[in-house]
$ cat protein.cif   # mmCIF, C-alpha atoms
data_my_file
#
loop_
_atom_site.group_PDB
_atom_site.id
_atom_site.type_symbol
_atom_site.label_atom_id
_atom_site.label_comp_id
_atom_site.auth_asym_id
_atom_site.auth_seq_id
_atom_site.Cartn_x
_atom_site.Cartn_y
_atom_site.Cartn_z
ATOM 1 C CA TYR A 1 40.961 -91.195 -47.963
ATOM 2 C CA ILE A 2 39.549 -88.197 -49.847
ATOM 3 C CA GLY A 3 42.415 -88.590 -52.323
ATOM 4 C CA VAL A 4 41.265 -92.124 -53.168
ATOM 5 C CA GLU A 5 37.687 -90.964 -53.713
ATOM 6 C CA LEU A 6 38.796 -88.133 -55.999
ATOM 7 C CA ALA A 7 41.177 -90.393 -57.940
ATOM 8 C CA SER A 8 38.347 -92.869 -58.455
ATOM 9 C CA PHE A 9 36.032 -90.134 -59.730
ATOM 10 C CA PHE A 10 38.554 -88.691 -62.183
ATOM 11 C CA LEU A 11 39.353 -92.158 -63.521
ATOM 12 C CA GLN A 12 35.641 -92.724 -64.010
ATOM 13 C CA VAL A 13 35.324 -89.664 -66.264
ATOM 14 C CA GLY A 14 38.331 -90.634 -68.372
ATOM 15 C CA THR A 15 41.156 -88.642 -66.793
ATOM 16 C CA ASN A 16 44.719 -89.940 -66.697
ATOM 17 C CA VAL A 17 45.591 -90.003 -62.997
ATOM 18 C CA HIS A 18 48.967 -90.406 -61.306
ATOM 19 C CA MET A 19 48.639 -90.813 -57.550
ATOM 20 C CA SER A 20 51.514 -90.586 -55.084
ATOM 21 C CA VAL A 21 51.112 -91.496 -51.420
ATOM 22 C CA ARG A 22 53.577 -91.003 -48.604
ATOM 23 C CA SER A 23 53.117 -94.521 -47.214
ATOM 24 C CA ASP A 24 50.147 -96.647 -48.259
ATOM 25 C CA LEU A 25 46.540 -96.219 -49.332
ATOM 26 C CA LEU A 26 43.797 -96.097 -46.727
ATOM 27 C CA ASN A 27 45.957 -96.830 -43.689
ATOM 28 C CA THR A 28 43.052 -96.945 -41.246
ATOM 29 C CA PHE A 29 40.860 -99.284 -43.325
ATOM 30 C CA ASP A 30 40.665 -103.072 -43.189
ATOM 31 C CA SER A 31 43.296 -104.775 -45.353
ATOM 32 C CA ASP A 32 40.750 -106.431 -47.645
ATOM 33 C CA VAL A 33 38.895 -103.150 -48.202
ATOM 34 C CA LYS A 34 42.232 -101.508 -49.018
ATOM 35 C CA ALA A 35 43.092 -104.346 -51.395
ATOM 36 C CA ILE A 36 39.884 -104.327 -53.433
ATOM 37 C CA THR A 37 39.963 -100.521 -53.651
ATOM 38 C CA GLU A 38 43.588 -100.402 -54.788
ATOM 39 C CA ASP A 39 43.026 -103.197 -57.324
ATOM 40 C CA SER A 40 40.032 -101.329 -58.741
ATOM 41 C CA LEU A 41 42.029 -98.127 -59.154
ATOM 42 C CA LEU A 42 44.844 -99.998 -60.908
ATOM 43 C CA GLU A 43 42.402 -101.937 -63.077
ATOM 44 C CA ARG A 44 40.940 -98.647 -64.303
ATOM 45 C CA GLY A 45 44.324 -97.203 -65.186
ATOM 46 C CA LEU A 46 45.677 -95.442 -62.096
ATOM 47 C CA LYS A 47 49.434 -94.938 -61.993
ATOM 48 C CA LEU A 48 50.259 -95.441 -58.326
ATOM 49 C CA SER A 49 53.502 -94.567 -56.567
ATOM 50 C CA LYS A 50 53.867 -95.453 -52.874
ATOM 51 C CA GLY A 51 56.359 -93.974 -50.440
ATOM 52 C CA ASN A 52 56.806 -91.003 -52.726
ATOM 53 C CA SER A 53 55.688 -87.380 -52.640
ATOM 54 C CA PRO A 54 56.149 -84.090 -54.555
ATOM 55 C CA VAL A 55 59.107 -81.938 -53.567
ATOM 56 C CA GLU A 56 58.717 -79.223 -56.210
ATOM 57 C CA ILE A 57 55.912 -77.986 -58.474
ATOM 58 C CA VAL A 58 56.724 -75.323 -61.073
ATOM 59 C CA GLN A 59 54.922 -73.847 -64.062
ATOM 60 C CA ASP A 60 56.171 -75.236 -67.392
ATOM 61 C CA GLY A 61 54.299 -73.434 -70.173
ATOM 62 C CA SER A 62 50.679 -74.508 -70.007
ATOM 63 C CA PHE A 63 51.622 -77.524 -67.844
ATOM 64 C CA LEU A 64 52.999 -78.129 -64.370
ATOM 65 C CA LYS A 65 56.298 -79.885 -63.821
ATOM 66 C CA VAL A 66 56.267 -81.983 -60.666
ATOM 67 C CA THR A 67 59.498 -83.335 -59.221
ATOM 68 C CA MET A 68 58.986 -86.301 -56.920
ATOM 69 C CA SER A 69 61.079 -87.352 -53.953
ATOM 70 C CA ASN A 70 62.432 -90.278 -56.012
ATOM 71 C CA LYS A 71 63.735 -87.749 -58.605
ATOM 72 C CA VAL A 72 61.096 -88.714 -61.193
ATOM 73 C CA THR A 73 59.627 -85.716 -63.042
ATOM 74 C CA LEU A 74 56.005 -85.576 -64.154
ATOM 75 C CA LYS A 75 54.423 -83.161 -66.627
ATOM 76 C CA VAL A 76 50.746 -82.680 -65.844
ATOM 77 C CA GLU A 77 47.841 -80.282 -66.324
ATOM 78 C CA TYR A 78 46.663 -80.185 -62.719
ATOM 79 C CA VAL A 79 47.930 -81.101 -59.257
ATOM 80 C CA LEU A 80 45.482 -81.905 -56.486
ATOM 81 C CA LEU A 81 46.806 -82.172 -52.930
ATOM 82 C CA ALA A 82 44.754 -84.293 -50.538
ATOM 83 C CA ILE A 83 47.096 -84.186 -47.545
ATOM 84 C CA GLY A 84 44.728 -83.656 -44.641
ATOM 85 C CA ARG A 85 44.034 -80.519 -42.675
ATOM 86 C CA GLU A 86 45.263 -78.672 -39.636
ATOM 87 C CA PRO A 87 43.145 -77.229 -36.802
ATOM 88 C CA LEU A 88 42.855 -73.453 -36.977
ATOM 89 C CA THR A 89 43.583 -72.891 -33.316
ATOM 90 C CA ALA A 90 46.726 -70.749 -33.523
ATOM 91 C CA ASP A 91 44.944 -67.376 -33.622
ATOM 92 C CA LEU A 92 42.136 -68.051 -31.162
ATOM 93 C CA GLY A 93 44.028 -66.774 -28.144
ATOM 94 C CA LEU A 94 43.571 -70.051 -26.300
ATOM 95 C CA GLY A 95 46.798 -69.510 -24.376
ATOM 96 C CA ASN A 96 45.288 -66.383 -22.844
ATOM 97 C CA VAL A 97 42.836 -68.567 -20.929
ATOM 98 C CA ASN A 98 45.327 -71.384 -20.289
ATOM 99 C CA ILE A 99 43.862 -73.846 -22.775
ATOM 100 C CA SER A 100 46.636 -76.263 -23.713
ATOM 101 C CA LEU A 101 47.238 -77.710 -27.191
ATOM 102 C CA ASP A 102 49.046 -80.863 -28.254
ATOM 103 C CA LYS A 103 51.901 -80.962 -30.768
ATOM 104 C CA TYR A 104 49.391 -80.959 -33.631
ATOM 105 C CA ARG A 105 47.678 -77.840 -32.225
ATOM 106 C CA LYS A 106 44.634 -79.889 -31.300
ATOM 107 C CA VAL A 107 42.806 -79.472 -28.014
ATOM 108 C CA PRO A 108 43.021 -82.198 -25.332
ATOM 109 C CA VAL A 109 39.750 -82.686 -23.441
ATOM 110 C CA ASN A 110 38.404 -84.932 -20.698
ATOM 111 C CA LYS A 111 35.475 -87.314 -21.095
ATOM 112 C CA TYR A 112 33.018 -84.449 -20.698
ATOM 113 C CA ALA A 113 34.707 -82.435 -23.499
ATOM 114 C CA GLN A 114 36.190 -79.945 -21.025
ATOM 115 C CA THR A 115 39.479 -78.357 -22.001
ATOM 116 C CA SER A 116 42.212 -77.470 -19.505
ATOM 117 C CA ALA A 117 40.054 -74.421 -18.818
ATOM 118 C CA PRO A 118 37.054 -76.373 -17.435
ATOM 119 C CA TRP A 119 34.528 -73.735 -18.422
ATOM 120 C CA VAL A 120 35.519 -74.069 -22.123
ATOM 121 C CA PHE A 121 34.457 -77.133 -24.117
ATOM 122 C CA ALA A 122 35.702 -78.491 -27.454
ATOM 123 C CA LEU A 123 34.066 -80.891 -29.901
ATOM 124 C CA GLY A 124 34.768 -82.546 -33.235
ATOM 125 C CA ASP A 125 37.875 -82.560 -35.406
ATOM 126 C CA VAL A 126 39.686 -79.941 -33.324
ATOM 127 C CA VAL A 127 39.850 -82.343 -30.367
ATOM 128 C CA ALA A 128 43.029 -84.365 -29.810
ATOM 129 C CA ASN A 129 42.659 -88.065 -30.674
ATOM 130 C CA CYS A 130 39.064 -87.623 -31.828
ATOM 131 C CA VAL A 131 37.770 -89.608 -34.797
ATOM 132 C CA GLU A 132 37.446 -87.088 -37.638
ATOM 133 C CA LEU A 133 33.892 -87.792 -38.759
ATOM 134 C CA GLN A 134 31.112 -85.207 -39.089
ATOM 135 C CA THR A 135 28.609 -87.525 -37.426
ATOM 136 C CA ILE A 136 30.842 -87.907 -34.361
ATOM 137 C CA ALA A 137 30.904 -84.131 -33.880
ATOM 138 C CA TYR A 138 27.128 -84.008 -34.352
ATOM 139 C CA MET A 139 26.547 -86.679 -31.686
ATOM 140 C CA GLN A 140 29.008 -84.972 -29.333
ATOM 141 C CA ALA A 141 27.106 -81.702 -29.641
ATOM 142 C CA ILE A 142 23.842 -83.403 -28.669
ATOM 143 C CA ARG A 143 25.530 -85.107 -25.725
ATOM 144 C CA LEU A 144 27.171 -81.877 -24.533
ATOM 145 C CA ALA A 145 23.788 -80.172 -24.505
ATOM 146 C CA GLU A 146 22.539 -82.995 -22.274
ATOM 147 C CA VAL A 147 25.481 -82.445 -19.937
ATOM 148 C CA LEU A 148 25.040 -78.682 -19.695
ATOM 149 C CA LEU A 149 21.239 -78.790 -19.352
ATOM 150 C CA ARG A 150 20.947 -81.759 -16.988
ATOM 151 C CA GLN A 151 19.077 -81.384 -13.733
ATOM 152 C CA PRO A 152 21.255 -80.189 -10.824
ATOM 153 C CA SER A 153 20.122 -83.266 -8.896
ATOM 154 C CA ALA A 154 21.516 -85.651 -11.522
ATOM 155 C CA ALA A 155 24.046 -87.976 -9.933
ATOM 156 C CA THR A 156 26.142 -88.393 -13.083
ATOM 157 C CA ALA A 157 26.654 -86.697 -16.416
ATOM 158 C CA PRO A 158 26.775 -88.534 -19.762
ATOM 159 C CA MET A 159 30.173 -88.966 -21.382
ATOM 160 C CA VAL A 160 30.787 -86.699 -24.382
ATOM 161 C CA GLU A 161 34.244 -87.491 -25.744
ATOM 162 C CA LYS A 162 34.027 -91.270 -26.299
ATOM 163 C CA ILE A 163 30.622 -91.061 -27.910
ATOM 164 C CA VAL A 164 30.541 -94.665 -29.189
ATOM 165 C CA PRO A 165 32.818 -97.694 -28.736
ATOM 166 C CA ASP A 166 35.190 -98.531 -31.560
ATOM 167 C CA GLU A 167 33.039 -101.549 -32.507
ATOM 168 C CA HIS A 168 30.235 -99.129 -33.443
ATOM 169 C CA LEU A 169 32.253 -96.670 -35.555
ATOM 170 C CA ALA A 170 31.122 -96.678 -39.180
ATOM 171 C CA THR A 171 32.561 -95.061 -42.283
ATOM 172 C CA VAL A 172 32.075 -95.302 -46.033
ATOM 173 C CA LEU A 173 34.465 -94.918 -48.943
ATOM 174 C CA PHE A 174 32.820 -93.326 -51.982
ATOM 175 C CA ALA A 175 35.033 -94.898 -54.617
ATOM 176 C CA THR A 176 34.455 -97.678 -57.170
ATOM 177 C CA PRO A 177 33.433 -100.083 -55.847
ATOM 178 C CA ARG A 178 31.724 -98.401 -52.916
ATOM 179 C CA ALA A 179 33.045 -99.704 -49.601
ATOM 180 C CA GLY A 180 31.993 -99.457 -45.993
ATOM 181 C CA SER A 181 33.217 -100.582 -42.586
ATOM 182 C CA VAL A 182 31.676 -100.841 -39.146
ATOM 183 C CA GLY A 183 33.821 -101.681 -36.141
ATOM 184 C CA LEU A 184 37.301 -103.124 -35.889
ATOM 185 C CA THR A 185 39.478 -104.074 -38.821
ATOM 186 C CA GLU A 186 40.866 -107.610 -38.921
ATOM 187 C CA GLU A 187 44.274 -106.218 -37.987
ATOM 188 C CA ARG A 188 42.946 -104.189 -35.043
ATOM 189 C CA ALA A 189 40.868 -107.118 -33.769
ATOM 190 C CA LYS A 190 43.854 -109.488 -33.833
ATOM 191 C CA ALA A 191 46.072 -106.924 -32.140
ATOM 192 C CA THR A 192 43.473 -106.571 -29.361
ATOM 193 C CA TYR A 193 42.203 -110.143 -28.935
ATOM 194 C CA LYS A 194 45.190 -112.127 -30.306
ATOM 195 C CA ASP A 195 44.129 -115.670 -31.290
ATOM 196 C CA ASP A 196 40.570 -115.180 -30.047
ATOM 197 C CA VAL A 197 39.401 -113.845 -33.438
ATOM 198 C CA THR A 198 37.519 -115.506 -36.287
ATOM 199 C CA VAL A 199 37.506 -114.002 -39.775
ATOM 200 C CA LEU A 200 34.954 -114.878 -42.443
ATOM 201 C CA VAL A 201 35.433 -113.374 -45.883
ATOM 202 C CA GLU A 202 34.224 -113.792 -49.449
ATOM 203 C CA LYS A 203 35.115 -111.795 -52.546
ATOM 204 C CA TRP A 204 34.038 -111.703 -56.194
ATOM 205 C CA GLY A 205 36.854 -110.349 -58.327
ATOM 206 C CA PRO A 206 39.335 -109.004 -59.161
ATOM 207 C CA CYS A 207 40.367 -111.995 -61.242
ATOM 208 C CA CYS A 208 38.467 -112.577 -64.483
ATOM 209 C CA VAL A 209 35.514 -110.396 -63.405
ATOM 210 C CA ALA A 210 34.446 -106.977 -64.712
ATOM 211 C CA VAL A 211 35.374 -104.320 -62.150
ATOM 212 C CA PHE A 212 31.800 -103.092 -61.685
ATOM 213 C CA ASP A 213 30.787 -106.586 -60.522
ATOM 214 C CA TRP A 214 33.422 -106.847 -57.786
ATOM 215 C CA TYR A 215 32.243 -107.241 -54.208
ATOM 216 C CA LEU A 216 33.634 -108.052 -50.769
ATOM 217 C CA LEU A 217 31.847 -109.397 -47.692
ATOM 218 C CA LYS A 218 33.759 -109.769 -44.435
ATOM 219 C CA VAL A 219 32.853 -110.462 -40.813
ATOM 220 C CA VAL A 220 35.211 -110.353 -37.825
ATOM 221 C CA TYR A 221 34.089 -111.716 -34.462
ATOM 222 C CA ARG A 222 35.540 -112.742 -31.120
ATOM 223 C CA THR A 223 35.704 -116.534 -31.129
ATOM 224 C CA SER A 224 35.127 -117.141 -27.412
ATOM 225 C CA ASP A 225 31.708 -115.473 -27.204
ATOM 226 C CA GLU A 226 30.920 -114.769 -30.903
ATOM 227 C CA ARG A 227 30.676 -111.025 -30.231
ATOM 228 C CA LEU A 228 30.715 -109.238 -33.591
ATOM 229 C CA LEU A 229 33.709 -106.920 -33.832
ATOM 230 C CA GLY A 230 33.627 -105.705 -37.421
ATOM 231 C CA ILE A 231 31.772 -105.853 -40.733
ATOM 232 C CA HIS A 232 33.470 -104.770 -43.961
ATOM 233 C CA ILE A 233 31.854 -104.729 -47.391
ATOM 234 C CA ALA A 234 32.485 -103.422 -50.882
ATOM 235 C CA GLY A 235 30.339 -103.430 -53.996
ATOM 236 C CA LYS A 236 27.182 -101.910 -55.399
ATOM 237 C CA GLY A 237 25.153 -100.138 -52.726
ATOM 238 C CA ALA A 238 27.740 -100.745 -50.019
ATOM 239 C CA ASP A 239 27.414 -97.133 -48.843
ATOM 240 C CA GLU A 240 23.705 -97.498 -48.075
ATOM 241 C CA THR A 241 24.040 -101.043 -46.725
ATOM 242 C CA THR A 242 26.743 -99.990 -44.270
ATOM 243 C CA GLN A 243 24.248 -97.715 -42.515
ATOM 244 C CA ALA A 244 22.001 -100.715 -41.827
ATOM 245 C CA PHE A 245 24.943 -102.727 -40.521
ATOM 246 C CA ALA A 246 25.917 -99.812 -38.262
ATOM 247 C CA ILE A 247 22.484 -99.978 -36.625
ATOM 248 C CA VAL A 248 22.865 -103.711 -36.096
ATOM 249 C CA MET A 249 26.360 -103.361 -34.621
ATOM 250 C CA ALA A 250 25.083 -100.796 -32.103
ATOM 251 C CA LEU A 251 23.048 -103.650 -30.580
ATOM 252 C CA ASN A 252 26.223 -105.654 -29.833
ATOM 253 C CA PRO A 253 25.035 -108.849 -31.543
ATOM 254 C CA THR A 254 26.707 -112.237 -31.624
ATOM 255 C CA TRP A 255 27.512 -113.900 -34.926
ATOM 256 C CA THR A 256 24.825 -116.529 -34.273
ATOM 257 C CA ALA A 257 22.190 -113.864 -33.643
ATOM 258 C CA PHE A 258 23.317 -111.857 -36.686
ATOM 259 C CA LYS A 259 23.117 -114.762 -39.117
ATOM 260 C CA SER A 260 19.662 -115.784 -37.841
ATOM 261 C CA ALA A 261 18.213 -112.967 -39.960
ATOM 262 C CA ILE A 262 16.220 -113.807 -43.071
ATOM 263 C CA ALA A 263 18.223 -113.472 -46.282
ATOM 264 C CA ILE A 264 16.734 -111.201 -48.957
ATOM 265 C CA HIS A 265 17.145 -112.737 -52.401
ATOM 266 C CA PRO A 266 18.559 -111.721 -54.817
ATOM 267 C CA THR A 267 20.955 -109.292 -53.141
ATOM 268 C CA TYR A 268 24.716 -109.536 -52.942
ATOM 269 C CA THR A 269 24.776 -108.871 -49.202
ATOM 270 C CA GLU A 270 22.543 -111.882 -48.483
ATOM 271 C CA ASP A 271 25.683 -114.010 -48.742
ATOM 272 C CA ILE A 272 27.092 -112.389 -45.613
ATOM 273 C CA LEU A 273 24.716 -114.586 -43.622
ATOM 274 C CA PHE A 274 26.280 -117.718 -45.090
ATOM 275 C CA LEU A 275 29.987 -116.953 -44.715
ATOM 276 C CA THR A 276 31.952 -119.928 -43.424
ATOM 277 C CA GLY A 277 35.661 -119.011 -43.446
ATOM 278 C CA ASP A 278 38.503 -117.457 -45.383
ATOM 279 C CA GLU A 279 39.533 -120.456 -47.510
ATOM 280 C CA ASP A 280 39.241 -118.562 -50.801
ATOM 281 C CA ARG A 281 41.676 -115.906 -49.572
ATOM 282 C CA GLN A 282 44.210 -118.589 -48.707
ATOM 283 C CA LYS A 283 43.991 -120.203 -52.164
ATOM 284 C CA GLY A 284 45.375 -117.161 -53.997
ATOM 285 C CA ASN A 285 43.900 -115.266 -56.964
ATOM 286 C CA TRP A 286 42.839 -112.804 -54.252
ATOM 287 C CA ARG A 287 44.694 -109.770 -55.590
ATOM 288 C CA ARG A 288 44.948 -108.326 -59.074
ATOM 289 C CA HIS A 289 48.649 -109.159 -59.420
ATOM 290 C CA GLU A 290 47.857 -112.824 -58.655
ATOM 291 C CA CYS A 291 45.319 -113.217 -61.467
ATOM 292 C CA ASN A 292 45.835 -115.830 -64.157
ATOM 293 C CA CYS A 293 42.813 -115.534 -66.414
ATOM 294 C CA ALA A 294 42.522 -117.385 -69.736
ATOM 295 C CA GLU A 295 42.012 -115.122 -72.740
#

$ encode --input "protein.cif" --output "structure tokens"
Amino acid sequence: YIGVELASFFLQVGTNVHMSVRSDLLNTFDSDVKAITEDSLLERGLKLSKGNSPVEIVQDGSFLKVTMSNKVTLKVEYVLLAIGREPLTADLGLGNVNISLDKYRKVPVNKYAQTSAPWVFALGDVVANCVELQTIAYMQAIRLAEVLLRQPSAATAPMVEKIVPDEHLATVLFATPRAGSVGLTEERAKATYKDDVTVLVEKWGPCCVAVFDWYLLKVVYRTSDERLLGIHIAGKGADETTQAFAIVMALNPTWTAFKSAIAIHPTYTEDILFLTGDEDRQKGNWRRHECNCAE
């Protein structure tokens, strides 16, 4: 999602931005966070092409000529590629000590972060199937130190690899509007718990509202026991607010316990305590292309 953050920044400073993505924006984010982010980019002038990517970039005078996979040609000043990264494991000689790699050249580990050579440990982004967040690597390093320095008499060792459950994972998108998520997306929750999921959501914008006033508040919980599964927000200060929600989610609260908190007025996140359903989403006018605003 670095590409989305950079596109948002360049739009903010007045740059004409054409963004091409191989599939869709923000594939791992909740659908409503994706929607409000995409609508904001389009509202501020982004030219977005999905399912399309550059196949050739050549110098054309003082410009660059970019040929896309759909045969469209663009003439631009700069090209920025935000296509992810690869682990730099090829030249480490890992095969010499029988450390196996997966097809992406990442390192499989067990729950204690041991590689296939049990005396060698791996942490962070280089690990196969690990969430690529700096804070995850940081927490893993602390936990590994506890494993290696534990008392010989200790009956068990703490788990390193799965440092937190998925319901506690938190991330922030530094675009306009700011957005943050803790826990499961609506889609992931429904895939896991089927019909045992309740979704509460409220949004201001995109229709007939200035883009810098848009916000999103969303709660996902398991219906049968009200266990909170995910919180997703967008709007002013969402990056800072998400940290507070991450602390709350680490306590495994129920929806009833969560909404028993005192609302702080006037803040936009106070309304999260009073969410009742997703009726507004069902009525339409939820996405930019659905808007029908009077002049």

$ resolve_selection --input "protein.cif" --expression "the PyMOL selection byres ((chain A and resi 158) around 9)" --output "list in words"
Lys111, Tyr112, Arg143, Leu144, Glu146, Val147, Thr156, Ala157, Met159 and Val160 of chain A

$ residues_around --input "protein.cif" --residues "range 78-94 of chain A" --least-positions-apart "2" --cutoff "8 Å" --atoms "all atoms listed in the file" --output "PyMOL selection string"
chain A and resi 2-3+63-64+76+96-100+104-106+125-126

$ closest_residue --input "protein.cif" --among "A:Gln134, A:Gln12, A:Ser224, A:Asn129" --to "Trp255 in chain A" --atoms "all atoms listed in the file"
A:Ser224

$ closest_residue --input "protein.cif" --among "A:Arg288, A:His168, A:Arg150, A:Lys194" --to "Gly230 in chain A" --atoms "all atoms listed in the file"
A:His168

$ atom_distance --input "protein.cif" --atom1 "CA of Glu279 in chain A" --atom2 "CA of Glu186 in chain A"
15.5 Å

$ atom_distance --input "protein.cif" --atom1 "CA of Glu132 in chain A" --atom2 "CA of Thr28 in chain A"
11.9 Å

$ resolve_selection --input "protein.cif" --expression "the PyMOL selection byres ((chain A and resi 258) around 12)" --output "list in words"
Val219, Tyr221, Glu226, Arg227, Leu228, Leu229, Ile231, Phe245, Ile247, Val248, Met249, Leu251, Asn252, Pro253, Thr254, Trp255, Thr256, Ala257, Lys259, Ser260, Ala261, Ile262, Ala263, Glu270, Ile272, Leu273, Phe274 and Leu275 of chain A
